[in-house]
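One file, coords18.csv, is given below (CSV, C-alpha atoms).
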```
chain,number,residue,atom,x,y,z
A,236,MET,CA,173.3,121.7,-41.3
A,237,GLN,CA,169.9,122.7,-42.5
A,238,TYR,CA,167.2,124.5,-40.5
A,239,THR,CA,163.6,124.8,-41.7
A,240,VAL,CA,161.4,127.4,-40.0
A,241,LYS,CA,157.7,127.2,-40.3
A,242,SER,CA,155.6,130.1,-39.1
A,243,GLY,CA,152.6,132.3,-39.8
A,244,ASN,CA,149.0,132.5,-38.7
A,245,GLN,CA,148.3,129.2,-40.3
A,246,PHE,CA,150.8,126.6,-38.9
A,247,TYR,CA,151.8,125.3,-42.4
A,248,GLU,CA,151.3,128.6,-44.2
A,249,GLU,CA,154.9,129.6,-44.7
A,250,THR,CA,158.2,127.7,-44.9
A,251,LYS,CA,161.6,129.3,-44.8
A,252,LYS,CA,164.7,127.3,-45.4
A,253,PHE,CA,168.1,128.3,-44.3
A,254,SER,CA,171.1,126.3,-45.4
A,255,LEU,CA,174.5,127.0,-43.8
A,256,GLU,CA,177.5,125.3,-45.3
A,257,SER,CA,181.1,125.7,-44.4
A,258,ASN,CA,183.4,125.7,-47.4
A,259,SER,CA,187.0,126.6,-46.4
A,260,GLY,CA,185.7,128.9,-43.7
A,261,ASN,CA,183.2,130.6,-46.0
A,262,GLU,CA,179.5,130.4,-44.9
A,263,GLN,CA,176.7,130.6,-47.3
A,264,SER,CA,173.1,131.1,-46.6
A,265,GLU,CA,170.0,130.9,-48.7
A,266,GLU,CA,166.3,131.5,-48.1
A,267,SER,CA,163.3,130.3,-50.1
A,268,HIS,CA,159.6,130.5,-49.5
A,269,ALA,CA,157.1,127.8,-50.3
A,270,HIS,CA,153.9,126.3,-49.0
A,271,PHE,CA,154.6,123.4,-46.6
A,272,HIS,CA,153.2,120.0,-47.7
A,273,PRO,CA,152.5,118.0,-44.5
A,274,GLU,CA,153.2,114.6,-46.1
A,275,ASP,CA,156.7,115.7,-47.2
A,276,GLY,CA,159.7,115.9,-44.8
A,277,ILE,CA,159.3,116.6,-41.1
A,278,ASN,CA,155.8,117.7,-40.0
A,279,VAL,CA,154.9,118.8,-36.4
A,280,HIS,CA,151.3,119.1,-35.2
A,281,LEU,CA,151.3,121.0,-31.9
A,282,MET,CA,148.5,120.8,-29.4
A,283,LYS,CA,148.3,122.5,-26.0
A,284,GLU,CA,146.5,121.8,-22.7
A,285,TYR,CA,146.2,124.4,-20.0
A,286,ASN,CA,145.4,123.6,-16.4
A,287,ASN,CA,143.5,126.7,-14.9
A,288,ASN,CA,144.1,125.5,-11.3
A,289,SER,CA,147.9,125.0,-11.5
A,290,LYS,CA,148.4,127.4,-14.4
A,291,ARG,CA,150.7,124.8,-16.0
A,292,LEU,CA,151.0,124.4,-19.8
A,293,LYS,CA,151.3,121.0,-21.4
A,294,LEU,CA,152.4,120.8,-25.0
A,295,ILE,CA,152.0,117.7,-27.2
A,296,ALA,CA,153.8,117.5,-30.5
A,297,HIS,CA,153.0,114.8,-33.1
A,298,VAL,CA,156.1,114.5,-35.2
A,299,THR,CA,156.0,112.8,-38.6
A,300,LYS,CA,158.6,112.4,-41.4
A,301,ASP,CA,157.3,111.7,-44.9
A,302,GLY,CA,153.9,110.9,-43.4
A,303,SER,CA,155.0,108.3,-40.8
A,304,PRO,CA,155.6,108.8,-37.0
A,305,PHE,CA,159.1,110.1,-36.4
A,306,SER,CA,160.5,108.3,-33.3
A,307,ASN,CA,163.7,108.3,-31.4
A,308,THR,CA,164.5,111.9,-32.1
A,309,ASN,CA,165.3,114.9,-29.8
A,310,VAL,CA,162.5,117.4,-29.5
A,311,HIS,CA,162.8,120.6,-27.4
A,312,PHE,CA,160.2,123.3,-26.6
A,313,GLU,CA,161.1,126.9,-25.8
A,314,ILE,CA,158.5,129.4,-24.7
A,315,TRP,CA,158.9,133.1,-25.4
A,316,SER,CA,156.6,136.0,-24.6
A,317,SER,CA,155.1,137.4,-27.7
A,318,ASP,CA,154.7,140.8,-26.1
A,319,ASN,CA,158.3,141.6,-25.3
A,320,ASN,CA,160.1,138.7,-27.1
A,321,LYS,CA,161.6,137.5,-23.7
A,322,HIS,CA,162.6,133.9,-23.2
A,323,LEU,CA,160.4,132.5,-20.4
A,324,MET,CA,161.2,128.8,-20.1
A,325,SER,CA,162.5,125.6,-21.7
A,326,ILE,CA,160.2,122.6,-21.3
A,327,LYS,CA,161.6,119.1,-20.9
A,328,VAL,CA,160.1,116.8,-23.5
A,329,ASN,CA,159.6,113.0,-23.5
A,330,GLU,CA,158.4,110.6,-26.2
A,331,LYS,CA,155.2,109.0,-24.9
A,332,GLU,CA,154.2,107.1,-27.9
A,333,GLU,CA,155.7,106.6,-31.4
A,334,GLY,CA,156.1,110.1,-32.8
A,335,GLU,CA,154.3,111.8,-29.8
A,336,TYR,CA,156.4,114.1,-27.7
A,337,VAL,CA,155.0,115.6,-24.5
A,338,GLY,CA,156.3,118.3,-22.1
A,339,GLU,CA,154.8,120.3,-19.3
A,340,SER,CA,155.9,123.6,-17.8
A,341,ASP,CA,157.6,123.3,-14.4
A,342,THR,CA,156.3,126.7,-13.4
A,343,SER,CA,153.0,128.6,-13.8
A,344,ILE,CA,152.3,130.5,-17.0
A,345,GLU,CA,149.8,133.4,-17.1
A,346,LYS,CA,147.2,133.9,-19.7
A,347,GLY,CA,148.4,135.5,-22.9
A,348,THR,CA,150.0,134.9,-26.3
A,349,TYR,CA,153.3,133.1,-26.5
A,350,THR,CA,155.7,132.0,-29.2
A,351,VAL,CA,156.7,128.3,-29.0
A,352,TYR,CA,160.0,127.2,-30.7
A,353,ILE,CA,159.9,123.5,-31.4
A,354,GLN,CA,163.3,122.0,-32.3
A,355,VAL,CA,163.4,118.5,-33.8
A,356,GLU,CA,166.9,117.0,-34.1
A,357,ASN,CA,167.9,113.7,-35.6
A,358,GLY,CA,171.5,113.2,-36.5
A,359,SER,CA,172.6,116.1,-38.8
A,360,GLU,CA,168.9,117.0,-39.6
A,361,THR,CA,167.4,119.8,-37.6
A,362,GLU,CA,164.0,121.4,-38.0
A,363,LEU,CA,163.0,124.6,-36.1
A,364,ILE,CA,159.2,125.3,-36.1
A,365,ILE,CA,157.8,128.5,-34.7
A,366,GLN,CA,154.2,128.7,-33.6
A,367,LYS,CA,152.1,131.2,-31.7
A,368,ILE,CA,149.7,129.9,-29.1
A,369,ASP,CA,147.1,131.6,-26.9
A,370,VAL,CA,146.7,130.6,-23.3
A,371,PRO,CA,143.1,131.3,-22.3
```

This structure in structure tokens:
Amino acid sequence: MQYTVKSGNQFYEETKKFSLESNSGNEQSEESHAHFHPEDGINVHLMKEYNNNSKRLKLIAHVTKDGSPFSNTNVHFEIWSSDNNKHLMSIKVNEKEEGEYVGESDTSIEKGTYTVYIQVENGSETELIIQKIDVP
């Protein structure tokens, strides 16, 4: 199984690849750094909407693979506090349009900086994208 983690101040600034393989009980891991090219592989563009009245956060992920919308895949959002690295909530995500995945928090979320873990799964392929967001 292969995980790709994208993080940094610029969403596509850094890519770290971790490959875990099981050979007769031995696990191997490797890490490499490279700039992410949005047209290659799986790309996630994350947008947020915050409702000041309800204090609910809505996340919209546009997922593409090799430049085309990536449909019929599992997408998950996990919200963590950036201040104390505490897991706050999981957000249920539904595909609204081809390659567009939307989820809204069930509970209120206060203003601050948060880390969003976006997991994209399709068969044996898994991408984990990490992005910081500010809630105004």

Stretch 329-338 of chain A: which residues within 7 Å, counting only C-alpha atoms, same-chain residues fewer than 4 positions away excluded, as an MDAnalysis selection string? chainID A and resid 293:299 304:306

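Nearest residue to A:Val310, choosing from A:Lys346, A:Lys327, A:Lys367, A:His322 and counting all atoms listed in the file: A:Lys327.
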
Residues near A:Ser316, cut-off 12 Å, all atoms listed in the file, skip fewer than 2 positions along chain, as a PyMOL selection string: chain A and resi 313-314+318-324+344-352+366-370

Could you please determine the separation between atom CA of A:Met282 and atom CA of A:Thr361 in Å, to one decimal place?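 Answer for the atom CA of A:Met282 to atom CA of A:Thr361 separation: 20.6 Å.
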
Minimum-distance residue to A:Asn357, chosen among A:Arg291, A:Thr308, A:Ser303, A:Gly276 (using all atoms listed in the file):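 Closest candidate: A:Thr308.
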
So how many Å separate atom CA of A:Trp315 and atom CA of A:Gly302, to one decimal? 29.0 Å

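For the pair atom CA of A:Ser340 and atom CA of A:Ser359, the separation is 27.9 Å.
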
Residue nearest A:Gly358 - candidates A:Ser343, A:Asn307, A:Ser317, A:Ser325, atoms counted: all atoms listed in the file: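 Looking only at the distances to A:Gly358, the closest residue turns out to be A:Asn307.
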
May I ask which of the residues A:Ile365, A:Ser289, A:Asp341, A:Lys300 is the closest one to A:Ile353, counting all atoms listed in the file? A:Ile365

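Across A:Val355, A:Pro371, A:Glu362, A:Asn309, the tightest approach to A:Lys283 is made by A:Pro371 when counting all atoms listed in the file.
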